[in-house]
Structure formats: C-alpha cells, structure tokens
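Taking it in order: structure first as structure tokens, then the write-up.
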Amino acid sequence: MATQAADFQSLSRRYTADKPFRAFIQKALSGYYRKRDENKANFQDWQGARDLAAETKYEAVNHLDKYLLEFEEKITARGAKVFWAPNAEAARDYILKVARENNVRSIIKSKTMTSEEIHLNDALEKQGFGVFESDLGEYIVQLRKEAPFHLVFPAMHLTRGQISDLFQKELGSEATDEPEKLTMIAREVMRRKYCEADMGISGTNFAVAETGMISITENEGNARLTTSLPKIHVALLGIEKVLPRLEDLSLFLPMLATAGAGQTMTCYNTMYAGPRQPGEPDGPEQMHVVLLDNRRTELLADAEQRDALGCIRCGACLNVCPIFKNVGGYSYGTTYGGPIGSVITPHLRGLKDWKHLSAASSLCGACTEACPVKIDLHHHLLQNRRNGAKAAPNAVEKFTFGGFSVMMGRPGLYRLAVGLGRIFQPLQGLVNGTILDPLKAWTGSRRFPKLAQKSFHEQWKKERGGKR
Amino acid sequence: MNGGRAIILNRIREALRNNPAPRPHTSHSQTEASAHQNGHAQREWLPKVGTTLPEQIDLFAKISEGLKTEFHRVPTAESAREVLAKLAAESGWKKIATHSHHDTDLLLEGFSLPIVRTEKGYAIDDIESCDAGVTGCEVLVAQTGGIMVSVQSAGGRALSVLPPHHVVIARTSQMVPDLTAAFDHVKRKYGKSFPSFMGFITGPSRTGDIERILVLGAHGPKRLTVLLVD
C-alpha cells in the first residue's frame, strides 16, 4: 500500500474517532452556513450568477495563453517584472534571488496557499531570511510549525485556550480566553514587523488581463500593509487565476465573499497595477509577479476536468463536505484539502500516490452544488477513480468483478453460489471483521447482510406454482 | 525574459490544441452570449439596488450598520466638521494623518490638532503613530456598503489602513449603485493610466480566525467612519 494512502487511513481514523473535535469543527462552521445562506438569498439569482461565473472562467481558461500574455504586457508596461515559473523550484529560486540581490533581511507575508504549495517559507528560512506570516490564522499555525488546516480558515481547528497557551509560550503574553485580546496581541507584534520588513510576499486571488492588475481579497488588512510598506512586493500567481476584464471582478468579488466566508464583500478587495508610479507618495519600488505553472498545465490538458482550473479557492466545497467535516484538513496530507484538493492533487502531484483521495468521498454531490464556479467535483472524483483503475489495475478487484460478471450471466452458477453462500455465511460470521475475515476491508465497520434462506425467485415458484 | 515563459506557453498551447473542453452546463442559455458581449451581464443576478439616490443611500446605510461602519449623513461641510471635532474629542486623538484633496481640505478647515500629510512622501512611523487617517474616496458603492479608494483619492496606499481609525469624506454625488458602476467610474476617470493601487474597503478590519468569532481591528483600522455630505 502506498504510504500516502496509509497515512490518510490512519489520520482520518484518528480524527473521526475524536468526537469533541468533530463537534468543535461543526460548531465553527454553523455560523458560516447561516451567513452564507443569508447572502446567497440577497442575490437576485445565485444560480444565474454561478452560470455566468462558470462561463467567464471557461472563456479565460480555454484562452489561457492569450489572457496571460495580455496581462503580462499590461502590467510590465506599468513597471512590474513578470517571472514565468514552470515549477516550484524555479519560483523559489527567483524569489530567493530577488531577496539576495536587494539585501533583504526581513520578509512579511500575507496569506497565500500558492506559497504553501511551493514550500516557500522553508526555502527562505533555510537561506537565513526571517519570514513572518501576517494573517492571524496563518501566524498561529506558523508559530505551531503546522500547515494551514483549511484553505480559508487556517487555524479553525484550534481553541482559544490552545492559542492563548501558544502565545504565552512563544510571545510571553498573558493568558486570556478572549479572542479579541488574542487578536490584539498578534496585531501589536505584527505592527513592528510591517514597519521593519523590506519585502512583502502576497498571493493573488485574480489577475485582470484587460488592465494588467492583480486583485487580493482579505478581511484583516494585513495584505494591504504587506503590499504598501516594504520596498519590494512579490506576488505569487497561479497561471489559472487570470480573468479577461476588470468588470468580471464585480461578479467574482461578491461571489468569493459569499461562498468563502458568508460575507457580502470581504473587508478589503484591492487591485494593484504595478509598483509605486511617478508622483505617488508610497508603495513598493519594485513589484515582481511570479506566474506559477507547477503542473497546472497537466490539468489543463485533461479536457474532461479542465473546469477544475476555474477554482477560486473559496473553500465552500470543504465546508459542506461530510468527509472533510469528519476527517479534518490534516488527514489529506495535501496543500489543498477537501473535494477540490482530492480532484486536483492527483494532477498536481501524481495519480499513483494520490488516487486514494478520490475514494474519500460519498459522491453525495454537496461539493458540486456549493461550488460558485460550477466545477463538476464529484464526477471528477469518479473520473479519477476510473483513471486510477486504468493506470494500475488491482488484480484482486479485476478477478472478483470478472468472476461476478461470469456468475451473473449464468443462472445455474448464480444459484449454486447463493446456495454455497448460505452454508458458509455462518462461518464468516464467526470471524466477521477480524484478521481472518477475507472481507475485512468491508466488514471492519459493517455487518454483512444475511442471505435470505429462500430467494424471491424460489418463493414465487413455490407460492404461485410457477404461474405468471 | 526567461526560458520559463516559452516553456509554459508551449505547455498551454499543447494542452489546448484540438482538445476542447465540454461547455459548462448552464440553465440560463443567454448568459453565454451576454457574458461575451458586454461586462455588465452580472447586474441581472447580483443583489438588487434601487435606481434612485435616496434608495441607494438607504441601502448603503443599512449595509453599513451590519458591517459596523459608522455612517453619518450630514447636510453641510460645516456639520461634517462638527462630527469630526466630536470624534476627535471623544476618542482623545492627539495627531491625525491626511492628504491634500478638495474634500479633506474642506473637512479639516480650522482643525486644531497636529496634522501629518502623505502626498509628498512620509516616514512610516509618522503615520503609524497617528490616531486617525482622514481621506477622500473615489465612490461609495450602495450594493455592498463599500468605499472605493485609490492612491489619488486616499493619499496613497497606507493612509487608509495604517492608523487605527479611518475617516472618509464623500459627497452624495459620489454614490454609485454597484461595483460595475465603480469600475466604469475609474475607467472614465483614469483612462489607461490607473493608479497603482485602488480597492474597496467594506467595513472596519476584521478577523474570525479564532473559533470563527468576529473581532474588529485585526491589522487595519478598528473603526471606520463615513461622512456623507449633501
């Protein structure tokens, strides 16, 4: 068994068994459900908005080269430098080079999942740069040396008590059980960091081809400070995030806020068109945009699942997923968790090691229904299962299903099998779910249904004497 | 220019060549056509906004309340100055930051506290140590309760986010119905030479990162005041 799959099994078993933890996650999400529904109801037609969002992303992703070139031309004309990074290493090397050439000492970051994907913090810290996450949730998980638990809510798995203990230990602050006081402790620490940092690294929610802008969505103001005060701004940008027109933001900004956090709009939605321009009073002297492929083009080449590149990383599919809610964010072992992570990770990191994630789904379709850009998530999970079986057929499954189809085509054989089943089922009952049970994988958490002593066919024959 | 550019563009073109993706399933057949014809199709689906100014101001006020934006509608610049003086006294401001702009100049006429100005450049600590930042804006957005700011209308990038209290002055003629109208406004005003920073501020800074409990003033201003002058 692949290690990734084994890790997933043992972690998900552990988290699922932790009832207080599951209750805590459920409670944290309950407020989100209420606010999301209120905001959706404010739309004249949420379904119409989803259709338009899906169409806009279809247009963008299927003409990706055109829109990326337009974006590059426009933002370059404004003095930004665009670096095309085919893989994670190229992106890391470029950012390290910019940091070294400019004698950077301290780096402040705002939330970017793309930097998690390329393990940027590790690379920067190994080279001696001080790196500080400024988003509160990210800062908390950074202090704990953990990865984010959720795409949008990185520290949702922690209680205020745990965070207070952490701040006491790492920052020497007073114990408190008030979220407000904890937030203010982080605010004070970060204030100094913003003022001292010489480089700010941000993510990007959308890039606009028409005007050569990047758009960043946030609630705390940390991304705005990260992109205002340091003399260098580096923006990481997955190649799939480009939109054709500026007006497209008037659809995507409210949809991202509604689906992602149950808000009408998040607090700060900011568009940047290059570094500080002549005559402007502040802003960075340099702006670098790192365009990251890192196997997104593999997903692009799969026409059947190409729509997954439309993902705006709102996390709505995680929030409604019965699997995510029970196994939590860490079981997946991926940068992107939940349904969208299970769909794209086999493309980004290899089908062989990550196909087990497509089985971590009840195929209920809640994710597909929640997705604001209408990615056909649960069908893509099925397709990944199919692709996985095709790429590496499982001999036992092949034999079992082959035998099953032979049997089902021959009534005599079927009757014989059922007859034998009735005789041997009591024996299976003695070992049900134990290591001796050949059906352990299935019966470990279930009882095999008892075979009827007489089949419907036999009863019909007996009662009606074979008359139709 | 780097080799990565050619590599990525080649990969994209290879991936798309003779390999069409199925169109999204949509229940509204006209969406596709309208999406490509103009950038305003979203108005059909987004939250409804009244067409008259009073309706738009009412909506902005209602949403502001939910966002905890302190919204004051005042008849004259004189009354705006009174609100500001009261805020300064109540909160014990010692020093404020602003920028030279038609509306802020009008608001701060005769203001008695020390004022730091950003338009000619500034030291970060001078702004950081201010109790409030007073700025103008591009437009107010009724649909979202948002304030659109930019380098020109808000004194740069940091003034509207660094001090703990942000005060915005706007005129009723700056009210627009929705985000689409806000984008139309900046396109008309700036043509192709956009400021390097523009954005929407929708309520005071907030976080829900600890147990999903709302806390105001995460990194940006804890308080946001909008003074709308008739």
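Labeling convention for the structure tokens: chains A, B, ... as they appear, residues from 1 per chain, ligands from 1 in order of appearance.
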At most 7 Å to chain A: residues in chain B, only C-alpha atoms, as a ChimeraX atom specification: /B:4-5,7-9,11-12,15-16,19-21,24,26,28,31-32,35,39,42,45-48,118-121,124,144,151,156-158,161,179-180,183,196-207,209-212,215,218-220
Selection export as an mmCIF file, in the first residue's frame, atoms kept: C-alpha atoms:
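In the end it all went to again_32.cif:
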```cif
data_model
loop_
_atom_site.group_PDB
_atom_site.id
_atom_site.type_symbol
_atom_site.label_atom_id
_atom_site.label_comp_id
_atom_site.auth_asym_id
_atom_site.auth_seq_id
_atom_site.Cartn_x
_atom_site.Cartn_y
_atom_site.Cartn_z
ATOM 1 C CA GLY B 4 10.102 29.600 -18.394
ATOM 2 C CA ARG B 5 7.844 31.813 -20.447
ATOM 3 C CA ILE B 7 8.019 26.505 -21.688
ATOM 4 C CA ILE B 8 4.729 27.454 -20.046
ATOM 5 C CA LEU B 9 3.214 28.959 -23.184
ATOM 6 C CA ARG B 11 2.578 23.598 -22.479
ATOM 7 C CA ILE B 12 -0.619 25.663 -22.540
ATOM 8 C CA ALA B 15 -2.821 21.221 -23.756
ATOM 9 C CA LEU B 16 -5.481 23.234 -25.610
ATOM 10 C CA ASN B 19 -8.690 19.272 -27.185
ATOM 11 C CA PRO B 20 -11.893 21.157 -26.483
ATOM 12 C CA ALA B 21 -13.450 21.010 -23.021
ATOM 13 C CA PRO B 24 -20.356 24.344 -18.566
ATOM 14 C CA THR B 26 -25.935 26.360 -17.600
ATOM 15 C CA HIS B 28 -29.618 30.277 -18.497
ATOM 16 C CA THR B 31 -25.699 34.000 -20.179
ATOM 17 C CA GLU B 32 -23.032 32.818 -22.567
ATOM 18 C CA ALA B 35 -21.041 37.330 -20.980
ATOM 19 C CA GLY B 39 -19.163 43.339 -18.998
ATOM 20 C CA GLN B 42 -23.772 40.280 -13.820
ATOM 21 C CA TRP B 45 -28.001 38.202 -10.934
ATOM 22 C CA LEU B 46 -26.267 40.249 -8.246
ATOM 23 C CA PRO B 47 -28.155 41.739 -5.279
ATOM 24 C CA LYS B 48 -30.727 44.314 -6.328
ATOM 25 C CA THR B 118 1.190 61.989 2.972
ATOM 26 C CA GLU B 119 1.153 63.388 -0.562
ATOM 27 C CA LYS B 120 4.822 64.304 -0.723
ATOM 28 C CA GLY B 121 6.055 61.132 0.941
ATOM 29 C CA ILE B 124 6.062 55.167 8.133
ATOM 30 C CA THR B 144 -22.012 46.338 -0.885
ATOM 31 C CA VAL B 151 -3.733 56.397 -4.489
ATOM 32 C CA GLY B 156 -1.514 56.688 -1.196
ATOM 33 C CA ARG B 157 -1.654 53.086 -0.129
ATOM 34 C CA ALA B 158 -1.125 53.131 3.630
ATOM 35 C CA VAL B 161 -5.205 51.219 6.500
ATOM 36 C CA LEU B 179 -19.245 47.511 -8.294
ATOM 37 C CA THR B 180 -19.728 47.596 -12.055
ATOM 38 C CA PHE B 183 -15.229 50.204 -12.296
ATOM 39 C CA SER B 196 -1.006 51.582 -8.904
ATOM 40 C CA PHE B 197 -3.423 50.936 -6.047
ATOM 41 C CA MET B 198 -7.184 51.021 -5.929
ATOM 42 C CA GLY B 199 -9.606 48.991 -3.939
ATOM 43 C CA PHE B 200 -12.782 48.569 -1.978
ATOM 44 C CA ILE B 201 -12.993 48.978 1.777
ATOM 45 C CA THR B 202 -16.086 47.261 3.129
ATOM 46 C CA GLY B 203 -16.291 47.834 6.863
ATOM 47 C CA PRO B 204 -13.566 48.100 9.509
ATOM 48 C CA SER B 205 -10.784 45.475 9.534
ATOM 49 C CA ARG B 206 -11.947 42.161 10.956
ATOM 50 C CA THR B 207 -10.972 38.551 11.568
ATOM 51 C CA ASP B 209 -9.592 33.275 12.760
ATOM 52 C CA ILE B 210 -10.093 32.356 16.410
ATOM 53 C CA GLU B 211 -13.034 29.962 16.725
ATOM 54 C CA ARG B 212 -14.773 31.858 13.898
ATOM 55 C CA VAL B 215 -13.125 40.564 16.128
ATOM 56 C CA ALA B 218 -7.202 42.729 13.147
ATOM 57 C CA HIS B 219 -4.468 44.656 11.329
ATOM 58 C CA GLY B 220 -6.268 47.566 9.743
#
```
Within 7 Å of region 87-96 of chain B, which residues of region 130-184 of chain B come that close, and what is the closest atom pair and distance in Å for each? Count only C-alpha atoms and give it as JSON lines.
```
{"residue": "B:Cys130", "atom": "CA", "partner": "B:Ile96", "partner_atom": "CA", "distance": 4.9}
{"residue": "B:Asp131", "atom": "CA", "partner": "B:Trp93", "partner_atom": "CA", "distance": 5.5}
{"residue": "B:Ala132", "atom": "CA", "partner": "B:Ile96", "partner_atom": "CA", "distance": 5.0}
{"residue": "B:Gly133", "atom": "CA", "partner": "B:Ile96", "partner_atom": "CA", "distance": 5.9}
```
Keeping only C-alpha atoms, write those residues as a compact mmCIF listing (two decimals), in the first residue's frame.
```txt
# COMPACT_ATOMS: atom_id res chain seq x y z
CA CYS B 130 -1.44 58.88 14.27
CA ASP B 131 -4.80 58.25 15.92
CA ALA B 132 -6.78 58.61 12.71
CA GLY B 133 -6.37 58.77 8.95
```
At a cut-off of 10 Å, using only C-alpha atoms, what residues contact His288 (chain A)? Leave out same-chain residues fewer than 4 positions from it and give the result as an NGL selection string. :A and (76 or 79-83 or 94-95 or 98 or 201 or 232-236 or 274-275)
If you keep N, CA and C atoms, can you produce a file of those selected residues as a PDB file, in the first residue's frame?
```pdb
ATOM      1  N   THR A  76       3.610  44.784 -17.193  1.00  0.00           N
ATOM      2  CA  THR A  76       5.016  45.108 -17.451  1.00  0.00           C
ATOM      3  C   THR A  76       5.155  46.572 -17.846  1.00  0.00           C
ATOM      4  N   GLY A  79       5.694  48.773 -15.070  1.00  0.00           N
ATOM      5  CA  GLY A  79       6.933  48.677 -14.303  1.00  0.00           C
ATOM      6  C   GLY A  79       7.065  47.437 -13.442  1.00  0.00           C
ATOM      7  N   ALA A  80       6.097  46.525 -13.505  1.00  0.00           N
ATOM      8  CA  ALA A  80       6.242  45.281 -12.744  1.00  0.00           C
ATOM      9  C   ALA A  80       7.080  44.296 -13.550  1.00  0.00           C
ATOM     10  N   LYS A  81       7.756  43.386 -12.851  1.00  0.00           N
ATOM     11  CA  LYS A  81       8.504  42.321 -13.529  1.00  0.00           C
ATOM     12  C   LYS A  81       7.697  41.037 -13.417  1.00  0.00           C
ATOM     13  N   VAL A  82       7.518  40.358 -14.560  1.00  0.00           N
ATOM     14  CA  VAL A  82       6.776  39.099 -14.552  1.00  0.00           C
ATOM     15  C   VAL A  82       7.756  37.954 -14.766  1.00  0.00           C
ATOM     16  N   PHE A  83       7.743  36.996 -13.850  1.00  0.00           N
ATOM     17  CA  PHE A  83       8.598  35.821 -13.983  1.00  0.00           C
ATOM     18  C   PHE A  83       7.721  34.595 -14.187  1.00  0.00           C
ATOM     19  N   TYR A  94      13.785  32.113  -7.924  1.00  0.00           N
ATOM     20  CA  TYR A  94      13.644  33.501  -8.357  1.00  0.00           C
ATOM     21  C   TYR A  94      13.427  34.416  -7.150  1.00  0.00           C
ATOM     22  N   ILE A  95      12.556  34.001  -6.247  1.00  0.00           N
ATOM     23  CA  ILE A  95      12.257  34.845  -5.081  1.00  0.00           C
ATOM     24  C   ILE A  95      13.503  34.979  -4.191  1.00  0.00           C
ATOM     25  N   VAL A  98      15.815  37.510  -5.867  1.00  0.00           N
ATOM     26  CA  VAL A  98      15.372  38.897  -5.649  1.00  0.00           C
ATOM     27  C   VAL A  98      15.714  39.336  -4.221  1.00  0.00           C
ATOM     28  N   ILE A 201       5.470  39.514   0.654  1.00  0.00           N
ATOM     29  CA  ILE A 201       5.047  38.479  -0.299  1.00  0.00           C
ATOM     30  C   ILE A 201       3.555  38.248  -0.129  1.00  0.00           C
ATOM     31  N   ILE A 232       9.816  46.116  -1.543  1.00  0.00           N
ATOM     32  CA  ILE A 232       9.634  45.137  -2.626  1.00  0.00           C
ATOM     33  C   ILE A 232       8.344  44.356  -2.397  1.00  0.00           C
ATOM     34  N   HIS A 233       7.580  44.217  -3.445  1.00  0.00           N
ATOM     35  CA  HIS A 233       6.366  43.393  -3.368  1.00  0.00           C
ATOM     36  C   HIS A 233       6.504  42.227  -4.343  1.00  0.00           C
ATOM     37  N   VAL A 234       6.395  41.007  -3.825  1.00  0.00           N
ATOM     38  CA  VAL A 234       6.387  39.815  -4.673  1.00  0.00           C
ATOM     39  C   VAL A 234       4.989  39.205  -4.585  1.00  0.00           C
ATOM     40  N   ALA A 235       4.353  39.045  -5.738  1.00  0.00           N
ATOM     41  CA  ALA A 235       3.021  38.438  -5.763  1.00  0.00           C
ATOM     42  C   ALA A 235       3.109  37.079  -6.450  1.00  0.00           C
ATOM     43  N   LEU A 236       2.671  36.040  -5.749  1.00  0.00           N
ATOM     44  CA  LEU A 236       2.607  34.706  -6.351  1.00  0.00           C
ATOM     45  C   LEU A 236       1.263  34.558  -7.037  1.00  0.00           C
ATOM     46  N   GLY A 274       1.042  47.411 -10.761  1.00  0.00           N
ATOM     47  CA  GLY A 274       2.460  47.759 -10.744  1.00  0.00           C
ATOM     48  C   GLY A 274       2.934  48.315  -9.417  1.00  0.00           C
ATOM     49  N   PRO A 275       4.247  48.624  -9.342  1.00  0.00           N
ATOM     50  CA  PRO A 275       4.803  49.236  -8.141  1.00  0.00           C
ATOM     51  C   PRO A 275       4.393  50.704  -8.081  1.00  0.00           C
TER      52      PRO A 275
END
```
Env of region 108-119 of chain A: 6 Å cut, atoms = only C-alpha atoms, seq-sep filter 3 positions within chain, self excluded. Answer as number ranges by chain. A: 88, 122, 131-135, 197, 200-203, 223, 335
Distance of CA of Val290 (chain A) from CA of Gly338 (chain A), expressed in Å to one decimal place: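 Atom-to-atom, CA of Gly338 (chain A) and CA of Val290 (chain A) are spaced 26.1 Å apart.
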Could you check the closest approach to Phe206 (chain A) for each of A:Ala5, A:Ile312, A:Leu124, A:Ile423 and tell me which residue wins, using only C-alpha atoms? A:Ile312
Might you pull out every residue within 8 Å of Leu357 (chain A), with only C-alpha atoms counted and same-chain residues fewer than 5 positions away left off, and present them as a ChimeraX atom specification? /A:5,332,342-343
Selection from above, C-alpha atoms, as a compact mmCIF listing (two decimals), in the first residue's frame, can you write it?
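Produced file again-v9.txt, reproduced below:
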```txt
# COMPACT_ATOMS: atom_id res chain seq x y z
CA ALA A 5 -2.87 6.22 1.34
CA TYR A 332 -5.47 14.71 3.37
CA SER A 342 -8.90 15.45 -3.92
CA VAL A 343 -9.65 16.36 -7.53
```
Write out as a PyMOL selection string which residues come within 12 Å of Ser10 (chain A) when counting only C-alpha atoms, dropping same-chain ones fewer than 5 positions away. chain A and resi 3-5+15-17+327+330-333
Those selected residues, please, written with N, CA and C atoms and delivered as a JSON list (two decimals), in the first residue's frame.
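Ended up saving to again-v6.json:
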```json
[["chain", "number", "residue", "atom", "x", "y", "z"],
["A", 3, "THR", "N", 2.34, 4.81, 0.86],
["A", 3, "THR", "CA", 2.43, 5.46, 2.16],
["A", 3, "THR", "C", 1.38, 6.57, 2.32],
["A", 4, "GLN", "N", 1.15, 7.34, 1.23],
["A", 4, "GLN", "CA", 0.19, 8.45, 1.32],
["A", 4, "GLN", "C", -1.18, 7.91, 1.70],
["A", 5, "ALA", "N", -1.55, 6.80, 1.07],
["A", 5, "ALA", "CA", -2.87, 6.22, 1.34],
["A", 5, "ALA", "C", -2.92, 5.70, 2.78],
["A", 15, "TYR", "N", -8.87, 11.19, 13.53],
["A", 15, "TYR", "CA", -9.71, 12.39, 13.64],
["A", 15, "TYR", "C", -11.20, 12.03, 13.75],
["A", 16, "THR", "N", -11.60, 11.00, 13.00],
["A", 16, "THR", "CA", -13.02, 10.63, 13.01],
["A", 16, "THR", "C", -13.43, 10.10, 14.39],
["A", 17, "ALA", "N", -12.49, 9.47, 15.08],
["A", 17, "ALA", "CA", -12.81, 8.92, 16.40],
["A", 17, "ALA", "C", -12.88, 10.01, 17.48],
["A", 327, "VAL", "N", -12.98, 14.07, 8.83],
["A", 327, "VAL", "CA", -11.55, 13.72, 8.88],
["A", 327, "VAL", "C", -10.67, 14.95, 9.07],
["A", 330, "TYR", "N", -6.05, 17.92, 8.06],
["A", 330, "TYR", "CA", -4.71, 17.35, 8.06],
["A", 330, "TYR", "C", -4.64, 15.93, 7.52],
["A", 331, "SER", "N", -5.79, 15.23, 7.52],
["A", 331, "SER", "CA", -5.77, 13.84, 7.04],
["A", 331, "SER", "C", -5.34, 13.75, 5.58],
["A", 332, "TYR", "N", -5.71, 14.78, 4.81],
["A", 332, "TYR", "CA", -5.47, 14.71, 3.37],
["A", 332, "TYR", "C", -3.97, 14.67, 3.04],
["A", 333, "GLY", "N", -3.16, 15.35, 3.85],
["A", 333, "GLY", "CA", -1.72, 15.39, 3.57],
["A", 333, "GLY", "C", -1.38, 16.20, 2.33]]
```
As a PyMOL selection string, please: all residues of region 196-383 of chain A that backbone DSSP puts in strand (DSSP E). chain A and resi 199-202+206-208+213-218+232-238+242-243+268-272+286-292
Compile the contact shell of Ser160 (chain B) as a PDB file with N, CA and C atoms, in the first residue's frame: residues with an atom at most 7 Å away, counting only C-alpha atoms, same-chain residues fewer than 6 positions apart removed.
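Listing of result_39.pdb after writing:
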```
ATOM      1  N   GLY B 133      -6.715  58.396  10.306  1.00  0.00           N
ATOM      2  CA  GLY B 133      -6.366  58.767   8.946  1.00  0.00           C
ATOM      3  C   GLY B 133      -7.618  59.307   8.289  1.00  0.00           C
ATOM      4  N   THR B 135      -9.343  60.563   4.813  1.00  0.00           N
ATOM      5  CA  THR B 135      -9.143  60.508   3.362  1.00  0.00           C
ATOM      6  C   THR B 135     -10.431  60.831   2.605  1.00  0.00           C
ATOM      7  N   ALA B 154      -7.108  58.744  -1.866  1.00  0.00           N
ATOM      8  CA  ALA B 154      -6.948  58.381  -0.450  1.00  0.00           C
ATOM      9  C   ALA B 154      -5.519  58.574   0.041  1.00  0.00           C
ATOM     10  N   HIS B 166     -10.190  55.099  10.546  1.00  0.00           N
ATOM     11  CA  HIS B 166     -10.207  55.669   9.199  1.00  0.00           C
ATOM     12  C   HIS B 166     -11.482  56.496   9.020  1.00  0.00           C
TER      13      HIS B 166
END
```
Could you go through region 220-302 of chain A and tell me which residues DSSP, when run on the backbone, assigns to alpha helix (DSSP H), listing them as a ChimeraX atom specification? /A:222-226,249-261,296-301
Gap from CA of Glu125 (chain A) to CA of Glu89 (chain A) - Å, one decimal: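 Spanning CA of Glu125 (chain A) to CA of Glu89 (chain A) is a straight-line distance of 15.1 Å.
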